[in-house]
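Enquirer: Structure file upload21.txt, compact mmCIF, C-alpha atoms and all ligand atoms, is pasted below:
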# COMPACT_ATOMS: atom_id res chain seq x y z
CA MET A 606 70.11 -32.40 7.80
CA SER A 607 70.89 -36.14 7.78
CA ASP A 608 72.15 -36.05 11.41
CA PHE A 609 69.22 -33.97 12.45
CA SER A 610 69.20 -32.23 15.79
CA TYR A 611 67.29 -29.19 16.96
CA ASP A 612 68.04 -26.89 19.87
CA PRO A 613 66.38 -23.47 20.06
CA PHE A 614 69.60 -21.97 21.47
CA ASP A 615 71.88 -23.42 18.76
CA PRO A 616 73.44 -20.47 16.85
CA ALA A 617 72.56 -22.11 13.51
CA VAL A 618 68.90 -22.42 14.55
CA MET A 619 68.86 -18.87 15.85
CA ALA A 620 70.23 -17.63 12.51
CA ASP A 621 67.52 -19.40 10.46
CA PRO A 622 65.11 -21.81 12.16
CA LEU A 623 62.79 -22.43 9.18
CA PRO A 624 64.56 -25.48 7.66
CA TYR A 625 64.65 -27.09 11.12
CA TYR A 626 60.95 -26.52 11.57
CA ARG A 627 60.13 -28.35 8.34
CA VAL A 628 62.02 -31.45 9.47
CA LEU A 629 60.47 -31.28 12.92
CA ARG A 630 56.95 -31.05 11.50
CA ASP A 631 57.48 -33.88 9.02
CA GLU A 632 59.55 -36.29 11.08
CA HIS A 633 59.56 -35.36 14.77
CA PRO A 634 56.31 -33.61 15.70
CA VAL A 635 57.04 -34.27 19.39
CA TYR A 636 60.81 -33.72 19.58
CA TYR A 637 62.57 -34.36 22.89
CA LEU A 638 65.46 -32.13 23.97
CA PRO A 639 67.19 -34.11 26.76
CA LYS A 640 69.46 -31.23 27.76
CA TRP A 641 66.45 -29.09 28.61
CA ASP A 642 64.00 -31.91 29.52
CA THR A 643 61.65 -30.23 27.07
CA TYR A 644 59.50 -31.34 24.14
CA ALA A 645 59.20 -29.15 21.03
CA LEU A 646 55.77 -29.15 19.35
CA SER A 647 55.93 -27.94 15.76
CA ARG A 648 52.63 -28.73 14.01
CA PHE A 649 49.84 -26.17 13.94
CA SER A 650 47.07 -28.48 15.16
CA ASP A 651 49.15 -29.98 17.97
CA ILE A 652 49.99 -26.51 19.30
CA TRP A 653 46.43 -25.26 18.87
CA ASP A 654 45.06 -28.27 20.78
CA ALA A 655 47.63 -28.04 23.59
CA LEU A 656 47.31 -24.29 24.17
CA ARG A 657 43.53 -24.43 24.33
CA ILE A 658 43.72 -26.66 27.43
CA THR A 659 43.26 -24.37 30.39
CA ASP A 660 42.60 -26.84 33.21
CA GLY A 661 46.06 -26.56 34.77
CA THR A 662 47.70 -29.26 32.63
CA PHE A 663 50.02 -26.59 31.21
CA VAL A 664 51.25 -23.77 33.44
CA ALA A 665 53.89 -21.10 33.01
CA SER A 666 55.29 -21.42 36.54
CA GLU A 667 58.82 -21.28 35.11
CA GLY A 668 57.90 -18.36 32.82
CA THR A 669 56.59 -18.34 29.26
CA LEU A 670 60.08 -17.60 27.98
CA PRO A 671 62.52 -19.44 30.24
CA SER A 672 66.22 -18.97 29.53
CA ALA A 673 68.69 -21.83 29.21
CA ALA A 674 69.66 -21.30 32.86
CA VAL A 675 66.09 -22.17 33.91
CA LEU A 676 65.65 -25.07 31.50
CA GLN A 677 68.88 -26.77 32.50
CA ARG A 678 67.38 -27.43 35.96
CA HIS A 679 65.37 -30.62 35.59
CA ASN A 680 62.29 -31.05 37.74
CA SER A 681 61.38 -34.30 39.47
CA GLY A 682 57.66 -33.57 39.52
CA PRO A 683 55.12 -30.79 39.14
CA VAL A 684 56.39 -27.27 39.70
CA ALA A 685 54.26 -25.29 42.15
CA ASP A 686 53.18 -21.72 41.52
CA PRO A 687 55.67 -19.20 42.90
CA PRO A 688 54.99 -17.61 46.32
CA LEU A 689 52.65 -14.62 46.15
CA HIS A 690 55.43 -12.26 47.34
CA PRO A 691 57.61 -10.93 45.96
CA MET A 692 55.27 -11.40 43.04
CA PRO A 693 56.97 -12.21 39.71
CA PHE A 694 55.23 -11.44 36.40
CA HIS A 695 51.70 -12.80 36.82
CA ALA A 696 51.94 -15.15 33.83
CA ASN A 697 53.91 -17.48 36.13
CA PHE A 698 50.74 -18.19 38.18
CA ASP A 699 47.90 -20.50 37.31
CA SER A 700 44.21 -19.56 37.77
CA PRO A 701 42.80 -17.67 39.56
CA VAL A 702 45.75 -15.41 40.48
CA TYR A 703 46.93 -15.21 36.87
CA GLU A 704 43.58 -14.01 35.51
CA SER A 705 42.88 -11.60 38.35
CA VAL A 706 46.19 -9.74 37.95
CA ARG A 707 45.98 -9.87 34.14
CA ARG A 708 42.56 -8.18 34.43
CA CYS A 709 44.24 -5.18 36.15
CA THR A 710 46.30 -4.56 33.03
CA SER A 711 43.62 -5.27 30.44
CA SER A 712 41.21 -2.32 30.40
CA PRO A 713 42.91 -0.22 27.66
CA PHE A 714 43.03 -3.30 25.42
CA ARG A 715 39.42 -4.52 25.46
CA PRO A 716 37.84 -4.34 21.99
CA ARG A 717 35.92 -1.09 22.55
CA SER A 718 38.78 0.67 24.36
CA ALA A 719 41.23 -0.48 21.69
CA ALA A 720 39.07 0.99 18.92
CA GLY A 721 39.10 4.30 20.78
CA TRP A 722 42.87 4.61 20.21
CA ALA A 723 42.54 4.74 16.39
CA GLU A 724 42.74 8.51 15.97
CA ARG A 725 45.69 8.80 18.35
CA ILE A 726 47.60 6.12 16.42
CA ARG A 727 46.77 7.87 13.12
CA THR A 728 48.02 11.20 14.46
CA LEU A 729 51.26 9.68 15.73
CA ALA A 730 51.81 7.88 12.41
CA ASN A 731 51.35 11.10 10.46
CA GLU A 732 53.60 13.08 12.79
CA ARG A 733 56.32 10.49 12.19
CA LEU A 734 55.77 10.61 8.42
CA ASP A 735 55.96 14.44 8.48
CA GLU A 736 59.38 14.11 10.02
CA LEU A 737 60.68 11.07 8.13
CA LEU A 738 59.54 11.54 4.52
CA PRO A 739 61.64 14.67 3.84
CA ARG A 740 64.70 12.67 4.94
CA GLY A 741 64.27 10.27 1.97
CA THR A 742 66.00 7.34 3.65
CA PHE A 743 65.27 5.98 7.12
CA ASP A 744 64.58 2.80 9.07
CA LEU A 745 61.07 1.52 8.51
CA THR A 746 61.13 -0.69 11.63
CA GLN A 747 62.61 1.63 14.22
CA ASP A 748 61.96 5.16 12.92
CA TYR A 749 58.38 4.59 11.81
CA GLY A 750 56.50 1.72 13.50
CA GLY A 751 58.93 1.48 16.41
CA HIS A 752 58.43 5.05 17.41
CA VAL A 753 54.64 4.94 17.09
CA ALA A 754 54.32 1.65 19.04
CA ALA A 755 56.61 2.90 21.82
CA ALA A 756 54.67 6.17 22.03
CA MET A 757 51.44 4.18 22.43
CA VAL A 758 53.03 2.09 25.20
CA CYS A 759 53.91 5.35 26.98
CA GLU A 760 50.24 6.40 26.71
CA PHE A 761 48.91 3.04 27.93
CA LEU A 762 51.18 3.06 30.96
CA GLY A 763 51.14 6.74 31.89
CA LEU A 764 54.65 7.71 30.77
CA PRO A 765 55.43 10.97 28.91
CA VAL A 766 55.38 10.31 25.14
CA GLU A 767 58.72 12.12 24.90
CA LEU A 768 60.28 8.96 26.37
CA ALA A 769 59.22 6.84 23.35
CA SER A 770 62.71 6.69 21.77
CA GLU A 771 64.30 5.67 25.07
CA VAL A 772 61.66 2.99 25.69
CA LEU A 773 62.19 1.62 22.18
CA ALA A 774 65.97 1.46 22.63
CA ALA A 775 65.67 -0.19 26.06
CA VAL A 776 63.27 -2.89 24.82
CA ASN A 777 65.36 -3.59 21.72
CA ALA A 778 68.48 -4.04 23.83
CA GLY A 779 66.63 -6.41 26.18
CA SER A 780 65.48 -8.69 23.35
CA LEU A 781 68.92 -9.53 22.00
CA ALA A 782 69.54 -13.22 22.62
CA GLN A 783 72.97 -14.74 23.15
CA PRO A 784 73.71 -18.07 21.43
CA GLY A 785 73.40 -20.89 23.94
CA GLU A 786 71.49 -18.81 26.48
CA GLY A 787 68.28 -17.42 25.08
CA VAL A 788 66.77 -14.13 26.10
CA GLU A 789 67.82 -12.99 29.55
CA VAL A 790 64.73 -10.87 30.09
CA ALA A 791 65.44 -10.91 33.83
CA ASN A 792 68.72 -9.08 33.25
CA SER A 793 67.01 -6.29 31.41
CA ARG A 794 64.36 -5.83 34.07
CA PRO A 795 66.24 -3.40 36.30
CA GLY A 796 66.44 -1.09 33.28
CA PHE A 797 62.76 -1.59 32.42
CA LEU A 798 61.64 -1.14 36.02
CA SER A 799 63.44 2.20 36.22
CA TYR A 800 60.71 3.46 33.86
CA LEU A 801 57.82 1.58 35.46
CA THR A 802 58.33 1.83 39.23
CA PRO A 803 58.22 5.67 39.26
CA ILE A 804 54.79 5.52 37.56
CA VAL A 805 53.46 3.43 40.45
CA GLU A 806 55.12 5.65 43.08
CA ARG A 807 53.63 8.76 41.50
CA ARG A 808 50.14 7.28 41.14
CA ARG A 809 50.15 6.04 44.74
CA ALA A 810 51.07 9.54 45.91
CA GLU A 811 48.34 11.04 43.70
CA GLY A 812 45.64 8.72 45.08
CA ALA A 813 45.31 6.10 42.30
CA ASP A 814 41.75 7.16 41.43
CA GLY A 815 41.55 5.12 38.22
CA SER A 816 42.56 7.88 35.80
CA VAL A 817 45.76 5.96 34.90
CA PRO A 818 43.97 2.61 34.58
CA ILE A 819 46.79 0.04 34.61
CA ALA A 820 48.90 1.50 37.43
CA ASP A 821 45.85 2.43 39.49
CA SER A 822 44.22 -1.02 39.20
CA LEU A 823 47.46 -2.69 40.26
CA ILE A 824 47.83 -0.35 43.24
CA ASN A 825 44.25 -1.05 44.35
CA PHE A 826 44.42 -4.79 43.72
CA VAL A 827 43.91 -7.09 46.74
CA LEU A 828 45.24 -10.64 46.54
CA PRO A 829 43.31 -13.69 47.80
CA ASP A 830 45.31 -13.57 51.08
CA GLY A 831 44.32 -9.91 51.64
CA SER A 832 47.76 -8.52 50.77
CA THR A 833 48.51 -5.86 48.14
CA LEU A 834 51.31 -5.25 45.66
CA SER A 835 54.42 -3.20 46.51
CA ASP A 836 55.58 -0.55 44.02
CA SER A 837 58.10 -2.84 42.36
CA GLU A 838 55.66 -5.79 42.31
CA ALA A 839 53.05 -3.61 40.60
CA ALA A 840 55.66 -2.31 38.14
CA THR A 841 56.68 -5.90 37.33
CA GLN A 842 53.11 -6.64 36.20
CA MET A 843 53.47 -3.89 33.57
CA LEU A 844 56.44 -5.56 31.89
CA GLY A 845 54.26 -7.49 29.44
CA VAL A 846 52.73 -4.33 28.02
CA PHE A 847 56.08 -2.50 28.10
CA ILE A 848 57.84 -5.23 26.12
CA GLY A 849 54.99 -6.81 24.11
CA GLY A 850 53.57 -3.44 23.10
CA THR A 851 56.88 -2.10 21.86
CA GLU A 852 58.73 -4.76 19.98
CA THR A 853 56.46 -6.75 17.69
CA VAL A 854 54.21 -4.30 15.83
CA PRO A 855 57.12 -2.42 14.17
CA LYS A 856 58.82 -5.59 12.94
CA VAL A 857 55.58 -7.02 11.56
CA THR A 858 54.65 -3.74 9.83
CA ALA A 859 58.07 -3.25 8.23
CA ALA A 860 58.31 -6.87 7.12
CA GLY A 861 54.80 -6.66 5.67
CA LEU A 862 55.52 -3.49 3.70
CA TRP A 863 58.65 -5.23 2.43
CA GLN A 864 56.74 -8.34 1.32
CA LEU A 865 54.27 -6.17 -0.56
CA ALA A 866 57.10 -4.20 -2.21
CA GLU A 867 58.51 -7.52 -3.42
CA HIS A 868 55.18 -8.47 -4.98
CA PRO A 869 54.09 -5.43 -7.04
CA ASP A 870 50.89 -7.10 -8.24
CA GLN A 871 49.85 -7.78 -4.65
CA LEU A 872 50.85 -4.27 -3.63
CA ALA A 873 48.64 -2.82 -6.37
CA ALA A 874 45.73 -4.98 -5.25
CA VAL A 875 46.06 -3.83 -1.63
CA ARG A 876 46.42 -0.17 -2.64
CA ALA A 877 43.23 -0.39 -4.71
CA ASP A 878 41.07 -0.30 -1.55
CA LEU A 879 43.04 0.53 1.60
CA GLU A 880 40.06 0.46 3.94
CA HIS A 881 39.00 -3.03 2.96
CA ASN A 882 42.22 -4.70 1.78
CA VAL A 883 44.80 -3.65 4.37
CA PRO A 884 43.05 -5.62 7.15
CA ILE A 885 42.99 -8.68 4.87
CA ALA A 886 46.68 -8.36 3.97
CA ARG A 887 47.48 -7.74 7.64
CA GLU A 888 46.41 -11.28 8.58
CA GLU A 889 48.78 -12.84 6.02
CA ILE A 890 51.52 -10.48 7.20
CA LEU A 891 50.94 -11.63 10.77
CA ARG A 892 51.14 -15.27 9.69
CA TYR A 893 54.20 -14.79 7.53
CA THR A 894 56.27 -12.41 9.66
CA ALA A 895 55.29 -12.62 13.37
CA PRO A 896 58.73 -12.80 14.99
CA ALA A 897 58.14 -14.73 18.26
CA GLN A 898 59.50 -18.24 17.71
CA TRP A 899 58.13 -20.10 20.71
CA PHE A 900 56.67 -19.90 24.18
CA ALA A 901 57.10 -22.46 26.94
CA ARG A 902 54.80 -24.17 29.42
CA THR A 903 55.65 -26.52 32.26
CA VAL A 904 53.43 -29.60 32.39
CA ARG A 905 51.60 -30.14 35.68
CA ARG A 906 49.53 -33.20 34.74
CA PRO A 907 50.58 -36.01 32.37
CA TYR A 908 49.84 -35.09 28.74
CA MET A 909 49.76 -37.67 25.97
CA ILE A 910 50.49 -36.61 22.40
CA HIS A 911 51.31 -38.83 19.38
CA GLY A 912 51.97 -41.77 21.72
CA THR A 913 54.37 -39.84 23.99
CA THR A 914 53.40 -39.03 27.57
CA ILE A 915 54.90 -35.79 28.83
CA GLN A 916 55.33 -36.02 32.60
CA PRO A 917 54.67 -33.38 35.27
CA GLY A 918 57.73 -31.13 35.63
CA GLN A 919 58.76 -31.54 31.99
CA ARG A 920 58.19 -28.66 29.57
CA VAL A 921 56.82 -28.08 26.12
CA ILE A 922 57.87 -25.31 23.78
CA THR A 923 55.19 -24.41 21.26
CA LEU A 924 56.96 -23.40 18.04
CA LEU A 925 54.45 -20.79 16.87
CA ALA A 926 56.70 -19.75 14.00
CA SER A 927 56.74 -23.34 12.75
CA ALA A 928 52.95 -23.57 13.05
CA ALA A 929 52.71 -20.50 10.80
CA ARG A 930 54.53 -22.43 8.04
CA ASP A 931 52.73 -25.74 8.51
CA GLU A 932 51.58 -27.05 5.14
CA ARG A 933 48.90 -29.08 6.96
CA GLU A 934 47.20 -25.77 7.87
CA TYR A 935 48.27 -23.43 5.06
CA PRO A 936 48.76 -24.71 1.50
CA ASN A 937 52.03 -23.46 -0.05
CA PRO A 938 53.01 -21.91 3.30
CA ASP A 939 56.30 -20.33 2.20
CA ALA A 940 54.53 -18.17 -0.37
CA PHE A 941 53.26 -14.74 0.67
CA ILE A 942 49.69 -14.39 -0.66
CA TRP A 943 48.02 -11.24 0.64
CA ASN A 944 44.47 -12.57 0.53
CA ARG A 945 44.95 -16.25 1.32
CA PRO A 946 42.10 -17.64 3.43
CA ILE A 947 43.22 -17.80 7.06
CA GLU A 948 40.77 -19.61 9.28
CA ARG A 949 43.05 -20.07 12.28
CA LEU A 950 46.11 -18.09 13.33
CA LEU A 951 48.60 -18.73 16.14
CA SER A 952 50.61 -15.51 15.76
CA PHE A 953 48.96 -14.08 18.90
CA GLY A 954 49.07 -17.41 20.75
CA HIS A 955 45.94 -19.23 21.88
CA GLY A 956 44.10 -20.04 25.08
CA GLN A 957 45.05 -18.78 28.52
CA HIS A 958 47.98 -16.52 27.56
CA PHE A 959 46.43 -15.21 24.34
CA CYS A 960 47.98 -11.84 23.52
CA LEU A 961 46.55 -9.15 25.76
CA GLY A 962 47.21 -6.48 23.12
CA VAL A 963 45.72 -8.32 20.14
CA HIS A 964 43.12 -5.65 19.22
CA VAL A 965 45.51 -2.74 19.63
CA ALA A 966 48.20 -4.66 17.71
CA ARG A 967 45.90 -5.29 14.75
CA LEU A 968 44.78 -1.66 14.81
CA GLU A 969 48.34 -0.32 14.93
CA VAL A 970 49.55 -2.48 12.05
CA THR A 971 46.48 -1.52 9.97
CA ILE A 972 46.81 2.22 10.55
CA LEU A 973 50.58 2.28 10.10
CA MET A 974 50.13 0.59 6.72
CA GLN A 975 47.15 2.66 5.60
CA GLU A 976 48.82 5.99 6.43
CA TRP A 977 52.01 4.80 4.76
CA PHE A 978 50.19 4.00 1.53
CA ARG A 979 48.25 7.28 1.66
CA ARG A 980 51.43 9.32 1.96
CA VAL A 981 53.99 7.24 0.02
CA SER A 982 53.39 6.51 -3.64
CA ASP A 983 56.61 4.61 -4.22
CA TYR A 984 59.22 3.08 -1.93
CA ARG A 985 62.25 0.85 -2.20
CA ILE A 986 63.52 -1.41 0.59
CA LEU A 987 67.32 -1.27 0.86
CA SER A 988 67.38 -5.00 1.49
CA GLU A 989 71.16 -5.41 1.48
CA SER A 990 71.33 -3.24 4.64
CA ALA A 991 68.35 -4.81 6.44
CA SER A 992 69.10 -6.86 9.54
CA ARG A 993 67.43 -9.70 11.39
CA PRO A 994 69.68 -10.57 14.35
CA PRO A 995 69.86 -14.23 15.36
CA SER A 996 67.48 -14.94 18.22
CA SER A 997 65.78 -17.84 19.94
CA PHE A 998 62.83 -15.57 20.69
CA GLN A 999 62.13 -12.55 18.46
CA TRP A 1000 63.59 -13.50 15.08
CA GLY A 1001 62.38 -10.42 13.26
CA TRP A 1002 63.53 -7.60 11.02
CA ASN A 1003 64.92 -5.14 13.57
CA SER A 1004 66.16 -2.82 10.88
CA VAL A 1005 64.61 -2.30 7.41
CA PRO A 1006 66.10 0.73 5.66
CA VAL A 1007 63.78 2.27 3.09
CA ASP A 1008 64.12 4.92 0.39
CA VAL A 1009 61.03 7.03 -0.38
CA HIS A 1010 62.50 9.45 -2.90
CA ALA A 1011 61.88 12.50 -0.72
CA GLU A 1012 58.11 12.46 -0.70
CA GLY A 1013 56.07 14.84 1.44
CA GLY A 1014 52.33 14.87 1.00
C1 LIG B 1101 51.67 -7.88 16.03
C2 LIG B 1101 51.89 -7.67 17.29
C3 LIG B 1101 51.88 -8.72 18.39
C4 LIG B 1101 52.05 -10.08 18.31
C5 LIG B 1101 52.30 -10.93 17.07
C6 LIG B 1101 51.95 -10.58 19.66
C7 LIG B 1101 52.05 -11.92 20.01
C8 LIG B 1101 51.86 -12.43 21.29
C9 LIG B 1101 51.85 -13.84 21.63
C10 LIG B 1101 52.11 -14.98 20.68
C11 LIG B 1101 51.59 -13.95 22.96
C12 LIG B 1101 51.38 -15.26 23.75
C13 LIG B 1101 52.52 -15.63 24.65
C14 LIG B 1101 52.32 -17.00 25.27
O1 LIG B 1101 51.56 -17.85 24.75
O2 LIG B 1101 52.95 -17.25 26.30
C15 LIG B 1101 51.46 -12.61 23.46
C16 LIG B 1101 51.23 -12.30 24.78
C17 LIG B 1101 51.18 -11.01 25.24
N1 LIG B 1101 51.14 -9.86 24.50
FE1 LIG B 1101 51.32 -9.70 22.50
N2 LIG B 1101 51.73 -9.54 20.52
C18 LIG B 1101 51.66 -8.39 19.77
C19 LIG B 1101 51.42 -7.12 20.23
C20 LIG B 1101 51.17 -6.80 21.53
C21 LIG B 1101 50.81 -5.49 22.00
C22 LIG B 1101 50.62 -4.25 21.12
C23 LIG B 1101 50.68 -5.60 23.36
C24 LIG B 1101 50.30 -4.55 24.38
C25 LIG B 1101 50.01 -3.32 24.15
C26 LIG B 1101 50.95 -6.97 23.73
C27 LIG B 1101 50.93 -7.46 25.03
C28 LIG B 1101 51.04 -8.79 25.35
C29 LIG B 1101 51.02 -9.28 26.73
C30 LIG B 1101 50.90 -8.43 27.98
C31 LIG B 1101 51.11 -10.67 26.65
C32 LIG B 1101 51.17 -11.65 27.83
C33 LIG B 1101 49.84 -12.28 28.04
C34 LIG B 1101 49.83 -13.20 29.23
O3 LIG B 1101 50.68 -14.09 29.38
O4 LIG B 1101 48.95 -12.98 30.05
N3 LIG B 1101 51.23 -7.67 22.59
N4 LIG B 1101 51.61 -11.71 22.43
Just give me the structure as structure tokens.
Ligand code: HEM

Expert:
Amino acid sequence: MSDFSYDPFDPAVMADPLPYYRVLRDEHPVYYLPKWDTYALSRFSDIWDALRITDGTFVASEGTLPSAAVLQRHNSGPVADPPLHPMPFHANFDSPVYESVRRCTSSPFRPRSAAGWAERIRTLANERLDELLPRGTFDLTQDYGGHVAAAMVCEFLGLPVELASEVLAAVNAGSLAQPGEGVEVANSRPGFLSYLTPIVERRRAEGADGSVPIADSLINFVLPDGSTLSDSEAATQMLGVFIGGTETVPKVTAAGLWQLAEHPDQLAAVRADLEHNVPIAREEILRYTAPAQWFARTVRRPYMIHGTTIQPGQRVITLLASAARDEREYPNPDAFIWNRPIERLLSFGHGQHFCLGVHVARLEVTILMQEWFRRVSDYRILSESASRPPSSFQWGWNSVPVDVHAEGG
């Protein structure tokens, strides 16, 4: 690392970014990437402080996850919000449009609504275990958590649960990043929208009376200029739930069960009181394994940090995965310690774009783990066959084969 350079789309970084993050945090906390006219922030406190600013200094007018094709265009000043129509994903707007559209998609995820999903998640988890445990060997990420998370996304959005496997496969394919390019989410959208647009068409025909909350709120939503959303515009606003709800929970759950299997003393401690200890272990699992590497913002007003002024039109990428390993926030950060004190966490982001599904996500991870431990007395991760594809975005364990010695229960 003597000739240090960092580029989120560099294949070596995508294969293992952690050593780069350490150097960034220690030596270049505000690292400039001339090719992308972008600054990388890598320390926990710097990211926490930047993301909490919600006065329009940071906007996502170029998307929260811009590809290389977007970043290679350099701006000569502030980037305006996109036109209202055709409306892109609402995260690209600043207040108040951003919040008002986000509110349309939020009702199933508010704390009380989220808690109401617990029994459904538990049932789905046990149905999966009924099917998987007799097989003996299967994929912990895809076959267990993946299927349950995708089935929940179908329920949130008003799709038949039978489509869960297809939804899971579509989202997984869309997250694969090419070296040098990043995630081309836009390219996967036609495939995603082929699931989402028909929901809106059907609900419009049925009268959108609120019984399918997300689609119906989007159909009935009136913009500040008095216009409404077309079917494909409304469907586009569902992409966050479609993608975010499907891809992260399974990777976090599988990676967490793997960490615990590698630390038998910690596993025994968690098993000793599932009700109380799984939620504690879950927070360390979220810190240690959350797969999203970074999210971007475009700066709209000058922002000074560590003596550098970032100018309007330039971007920052907030390296959340580096923040999670920042020794300034977490002592001995590369060690997995199930009950370490965690006062602040950036795994769900912070501020304006804070994860919409945070309560459901925590609930899903908790229940998937609790039901696993109730039904499985012993398991072995087949680590040599596990895979974590290189990615600038979701660097997570896509496949974690496990052997459960043909348990039933
Ligand atoms: C352990 C699981 C999860 C993790 C670690 C996670 C993490 C994140 C993070 C870091 C962001 C912030 C992005 C930014 O700052 O630009 C985010 C946003 C988002 N998440 Fe999650 N997420 C998880 C699960 C979910 C679930 C289950 C859902 C929905 C059911 C969901 C829906 C969303 C949406 C819609 C956004 C976009 C928010 C916005 O820009 O308005 N996520 N998530």

Enquirer: Return the single residue from A:Phe714, A:Phe649, A:Tyr749, A:Phe743 that is closest to Leu973 in chain A, with distances computed using all atoms listed in the file.

Expert: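 Looking at the shortest contact to Leu973 in chain A, the residue is A:Tyr749.
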
Enquirer: Report, in Å with one decimal, the straight-line distance from CA of Arg809 in chain A to CA of Ile824 in chain A.

Expert: 7.0 Å

Enquirer: Taking all atoms listed in the file into account, name the residue in A:Ser832, A:Ser997, A:Thr903, A:Thr643 that is nearest to Pro616 in chain A.

Expert: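 The closest residue to Pro616 in chain A is A:Ser997.
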
Enquirer: Using the file's own x, y and z axes, so that the box edges lie along x, y and z, what centre and edge lengths in Å (one decimal) does a box around every listed atom of range 891-903 of chain A get when 8 Å is added on each side? Give it as lines of an AutoDock Vina configuration file.

Expert:
center_x = 55.2
center_y = -19.1
center_z = 19.9
size_x = 24.6
size_y = 30.9
size_z = 40.7

Enquirer: Which one is closest to Arg887 in chain A: A:Thr971, A:Ser837, A:Asn731, A:Asn937? Count all atoms listed in the file.

Expert: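 Result for the nearest residue to Arg887 in chain A: A:Thr971.
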
Enquirer: Using only C-alpha atoms, which residues sit within 8 Å of Ile652 in chain A once same-chain residues fewer than 5 positions away are excluded, as an mmCIF file with C-alpha atoms, keeping the file's coordinate frame?

Expert:
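New file out_37.cif:
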data_model
loop_
_atom_site.group_PDB
_atom_site.id
_atom_site.type_symbol
_atom_site.label_atom_id
_atom_site.label_comp_id
_atom_site.auth_asym_id
_atom_site.auth_seq_id
_atom_site.Cartn_x
_atom_site.Cartn_y
_atom_site.Cartn_z
ATOM 1 C CA LEU A 646 55.770 -29.150 19.350
ATOM 2 C CA SER A 647 55.930 -27.940 15.760
ATOM 3 C CA THR A 923 55.190 -24.410 21.260
ATOM 4 C CA LEU A 924 56.960 -23.400 18.040
ATOM 5 C CA LEU A 925 54.450 -20.790 16.870
ATOM 6 C CA ALA A 928 52.950 -23.570 13.050
#

Enquirer: Could you jot down the CA of Leu762 in chain A to CA of Phe797 in chain A separation for me, Å, one decimal place?

Expert: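 A separation of 12.6 Å between them.
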
Enquirer: Which neighbours of Asp931 in chain A fall inside 8 Å, counting all atoms listed in the file, when residues of the same chain fewer than 4 positions from it are skipped, and could you give them as a list in words?

Expert: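 What passes the distance filter is Arg627, Arg630, Arg648, Phe649, Ser927, Tyr935 and Pro938 of chain A.
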
Enquirer: Please determine, counting all atoms listed in the file, which residue among A:Leu950, A:Leu676, A:Ala886, A:Ile942 has the shortest atom-to-atom distance to Pro639 in chain A.

Expert: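 When distances to Pro639 in chain A are compared using all atoms listed in the file, the smallest one comes from A:Leu676.
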
Enquirer: Could you pull the residues within 8 Å of Leu987 in chain A, counting only C-alpha atoms, minus those fewer than 6 positions along the same chain, as a PDB file with C-alpha atoms, in the coordinates of the input?

Expert:
ATOM      1  CA  VAL A1005      64.610  -2.300   7.410  1.00  0.00           C
ATOM      2  CA  PRO A1006      66.100   0.730   5.660  1.00  0.00           C
ATOM      3  CA  VAL A1007      63.780   2.270   3.090  1.00  0.00           C
ATOM      4  CA  ASP A1008      64.120   4.920   0.390  1.00  0.00           C
TER       5      ASP A1008
END
